[in-house]
Amino acid sequence: MPTGAVRSAPAALSPRIRLAPSAPQSNMNASSASTRYHPLAIGTHWLTLLLLVAVYALIELRGIFPKGSDAREAMKTWHDMLGLTVFALVVLRLALRTTFSAPHIVPAPPPWQQRLASAMHLALYAFLVVMPLLGWLTLSAKGKPIPWFGLQLPALLDADKALGKRLEDVHEVIGNIGFALIGLHAAAALFHHYVMRDNTLRLMAPWLGRRGDDSPRS
Ligand code: HEM
Ligand code: HEM
């Protein structure tokens, strides 16, 4: 839930985290705090969204083509490759998250909302790590190739058909949970923007412009 969160991030998400464009430490008082995330954090956030739309669409729509057809296999291959790209991106995002801090929400939401947002962000990051890994493990256990734009990635497990089926089931269940989490997260962002009328969404979408009361308060 995108209510800012990071200022009160739990210990697991180190308080060193700064996702805002860096300002010298000595200058990091409230009045110099940034009003948006680091451009790379913004770019990777929205690119991940686009990739996930494609990843879900490809796997859900594969059924329109008959089993074994080239088109259906191509959709699965693209699902795998784009899913692995999500994994590469989350590694970059986590590196950014440990380097840059988040900008402040103005006006600041109550602490319970910040804790909830931290928990949601943690869950979303976990989802972005676990899903591609489960997919990779599934293909490994099924003894299938693991394609990534012309490369073949190594299998992470020995072939074991029964295990492959179980992993696939877990992958699907977590995929459904993740879908719901993303929906809640996006709904919360819109709620902040249109109902609470704070700057949460504009921290991640600076092209939406600023309202008069946006600037961080001292
Ligand atoms: C329409 C869809 C989405 C909207 C409107 C949206 C909006 C936002 C906003 C406004 C923030 C920053 C504000 C804050 O929470 O402090 C944020 C942060 C975040 N979003 Fe999204 N988001 C969307 C989709 C996604 C998706 C698909 C994922 C990944 C599964 C995702 C993962 C995250 C994470 C992990 C953060 C925390 C960033 C950090 O502080 O480390 N978001 N999102
Ligand atoms: C964030 C990334 C991913 C998401 C959100 C995701 C989501 C899903 C979902 C929802 C399904 C179940 C579809 C259904 O049966 O209705 C699925 C199936 C599957 N996924 Fe993923 N996936 C991701 C990444 C990956 C990766 C990286 C791989 C492999 C390297 C992979 C391999 C598979 C396989 C093998 C299936 C079973 C498809 C079949 O045999 O028809 N997934 N995925």
# chains A, B, ... in the order shown; residues from 1 in each chain; ligands from 1
$ select_by_dssp --residues "stretch 7-209 of chain A" --states "alpha helix (DSSP H)" --output "ChimeraX atom specification"
/A:39-61,70-97,111-141,161-191,200-204
$ write_last_selection --atoms "C-alpha atoms" --output "CSV table (one decimal), in the first residue's frame"
chain,number,residue,atom,x,y,z
A,39,PRO,CA,14.5,8.6,-11.4
A,40,LEU,CA,15.9,5.1,-11.6
A,41,ALA,CA,13.5,4.0,-8.8
A,42,ILE,CA,10.6,5.5,-10.8
A,43,GLY,CA,11.7,4.0,-14.1
A,44,THR,CA,12.1,0.5,-12.7
A,45,HIS,CA,8.8,0.7,-10.8
A,46,TRP,CA,6.8,1.5,-13.8
A,47,LEU,CA,8.7,-0.8,-16.1
A,48,THR,CA,8.0,-3.6,-13.6
A,49,LEU,CA,4.3,-2.8,-13.9
A,50,LEU,CA,4.4,-3.0,-17.7
A,51,LEU,CA,6.3,-6.3,-17.6
A,52,LEU,CA,3.9,-7.8,-15.1
A,53,VAL,CA,0.9,-6.8,-17.3
A,54,ALA,CA,2.6,-8.7,-20.1
A,55,VAL,CA,3.7,-11.7,-17.9
A,56,TYR,CA,0.1,-12.2,-16.6
A,57,ALA,CA,-1.5,-11.6,-20.0
A,58,LEU,CA,0.7,-14.0,-21.8
A,59,ILE,CA,0.1,-16.9,-19.4
A,60,GLU,CA,-3.6,-16.2,-19.0
A,61,LEU,CA,-4.3,-15.9,-22.7
A,70,ASP,CA,3.9,-22.7,-31.9
A,71,ALA,CA,1.9,-19.6,-30.8
A,72,ARG,CA,1.1,-21.1,-27.4
A,73,GLU,CA,4.7,-22.2,-26.8
A,74,ALA,CA,5.9,-18.7,-27.8
A,75,MET,CA,3.6,-17.1,-25.3
A,76,LYS,CA,5.0,-19.4,-22.6
A,77,THR,CA,8.5,-18.6,-23.6
A,78,TRP,CA,7.8,-14.9,-23.5
A,79,HIS,CA,6.1,-15.3,-20.1
A,80,ASP,CA,9.3,-17.0,-18.8
A,81,MET,CA,11.7,-14.5,-20.3
A,82,LEU,CA,9.8,-11.4,-19.2
A,83,GLY,CA,9.3,-13.0,-15.7
A,84,LEU,CA,13.0,-13.4,-15.4
A,85,THR,CA,13.5,-9.8,-16.5
A,86,VAL,CA,11.3,-8.8,-13.6
A,87,PHE,CA,13.7,-10.7,-11.4
A,88,ALA,CA,16.7,-8.8,-12.8
A,89,LEU,CA,14.9,-5.5,-12.2
A,90,VAL,CA,14.0,-6.3,-8.6
A,91,VAL,CA,17.6,-7.0,-7.9
A,92,LEU,CA,18.4,-3.5,-9.2
A,93,ARG,CA,15.4,-2.0,-7.2
A,94,LEU,CA,16.6,-3.6,-4.0
A,95,ALA,CA,20.1,-2.3,-4.6
A,96,LEU,CA,18.6,1.2,-5.1
A,97,ARG,CA,16.4,0.8,-2.0
A,111,PRO,CA,2.0,5.9,11.9
A,112,TRP,CA,-0.2,2.9,11.6
A,113,GLN,CA,-0.7,3.6,7.9
A,114,GLN,CA,3.1,4.0,7.4
A,115,ARG,CA,3.6,0.6,9.1
A,116,LEU,CA,0.9,-1.0,6.9
A,117,ALA,CA,2.6,0.6,3.8
A,118,SER,CA,6.0,-0.8,4.9
A,119,ALA,CA,4.4,-4.3,5.2
A,120,MET,CA,2.8,-4.0,1.8
A,121,HIS,CA,6.1,-2.9,0.2
A,122,LEU,CA,7.9,-5.8,1.8
A,123,ALA,CA,5.2,-8.2,0.5
A,124,LEU,CA,5.5,-6.7,-3.0
A,125,TYR,CA,9.3,-7.0,-3.0
A,126,ALA,CA,9.0,-10.6,-1.7
A,127,PHE,CA,6.5,-11.4,-4.5
A,128,LEU,CA,8.9,-10.0,-7.2
A,129,VAL,CA,11.7,-12.1,-5.9
A,130,VAL,CA,9.8,-15.3,-5.2
A,131,MET,CA,7.6,-15.6,-8.3
A,132,PRO,CA,10.4,-15.6,-10.9
A,133,LEU,CA,12.5,-18.0,-8.7
A,134,LEU,CA,9.5,-20.4,-8.4
A,135,GLY,CA,9.0,-20.2,-12.2
A,136,TRP,CA,12.7,-21.0,-12.7
A,137,LEU,CA,12.6,-23.9,-10.2
A,138,THR,CA,9.4,-25.2,-11.9
A,139,LEU,CA,11.1,-25.4,-15.3
A,140,SER,CA,14.2,-26.9,-13.8
A,141,ALA,CA,12.3,-29.6,-12.0
A,161,LYS,CA,8.3,-34.3,-12.5
A,162,ALA,CA,6.2,-34.6,-9.3
A,163,LEU,CA,8.1,-31.8,-7.7
A,164,GLY,CA,7.8,-29.7,-10.9
A,165,LYS,CA,4.0,-30.0,-10.7
A,166,ARG,CA,4.0,-29.0,-7.0
A,167,LEU,CA,6.2,-26.0,-7.7
A,168,GLU,CA,3.9,-25.0,-10.6
A,169,ASP,CA,0.9,-25.1,-8.3
A,170,VAL,CA,2.7,-22.9,-5.7
A,171,HIS,CA,3.7,-20.5,-8.5
A,172,GLU,CA,0.1,-20.2,-9.6
A,173,VAL,CA,-1.3,-19.7,-6.0
A,174,ILE,CA,1.3,-17.0,-5.3
A,175,GLY,CA,0.6,-15.5,-8.7
A,176,ASN,CA,-3.0,-15.0,-7.6
A,177,ILE,CA,-2.1,-13.6,-4.2
A,178,GLY,CA,0.3,-11.2,-5.9
A,179,PHE,CA,-2.4,-10.1,-8.3
A,180,ALA,CA,-4.6,-9.1,-5.3
A,181,LEU,CA,-1.7,-7.4,-3.6
A,182,ILE,CA,-1.0,-5.3,-6.6
A,183,GLY,CA,-4.6,-4.4,-6.9
A,184,LEU,CA,-4.7,-3.2,-3.3
A,185,HIS,CA,-1.5,-1.3,-3.7
A,186,ALA,CA,-2.7,0.5,-6.8
A,187,ALA,CA,-6.1,1.3,-5.2
A,188,ALA,CA,-4.3,2.7,-2.2
A,189,ALA,CA,-2.2,5.0,-4.4
A,190,LEU,CA,-5.3,6.3,-6.1
A,191,PHE,CA,-7.1,6.7,-2.7
A,200,THR,CA,1.9,9.9,-2.4
A,201,LEU,CA,1.2,9.2,-6.1
A,202,ARG,CA,3.2,12.2,-7.3
A,203,LEU,CA,6.3,10.8,-5.4
A,204,MET,CA,6.3,8.0,-7.9
$ closest_residue --among "A:His38, A:His193, A:Thr98, A:Ala159" --to "A:Leu208" --atoms "only C-alpha atoms"
A:His193
$ closest_residue --among "A:Lys144, A:Phe149, A:Thr99, A:Phe65" --to "ligand 1" --atoms "only C-alpha atoms and all ligand atoms"
A:Thr99
$ atom_distance --atom1 "atom 33 (C, counted along the ligand's line) of ligand 2" --atom2 "atom CA of A:Pro147"
11.5 Å
$ atom_distance --atom1 "atom 5 (C, counted along the ligand's line) of ligand 1" --atom2 "atom CA of A:Pro110"
20.4 Å
$ select_by_dssp --residues "chain A" --states "strand (DSSP E or B)" --output "compact mmCIF listing (two decimals) with C-alpha atoms, in the first residue's frame"
# COMPACT_ATOMS: atom_id res chain seq x y z
CA ARG A 18 16.91 6.41 0.42
CA LEU A 19 15.05 6.24 -2.84
CA SER A 101 15.89 6.97 0.90
CA PRO A 147 15.25 -19.31 -21.95
CA TRP A 148 16.32 -15.69 -21.55
CA LEU A 151 20.63 -17.49 -23.42
CA GLN A 152 19.85 -20.76 -21.66
$ closest_residue --among "A:Asp160, A:Thr35, A:Gly63, A:Gly150" --to "ligand 1" --atoms "only C-alpha atoms and all ligand atoms"
A:Thr35
$ closest_residue --among "A:Val195, A:Ile146, A:Ala205, A:Ala108" --to "ligand 1" --atoms "only C-alpha atoms and all ligand atoms"
A:Ala205
$ closest_residue --among "A:Leu157, A:Lys142, A:Asn199, A:Tyr194" --to "ligand 1" --atoms "only C-alpha atoms and all ligand atoms"
A:Asn199
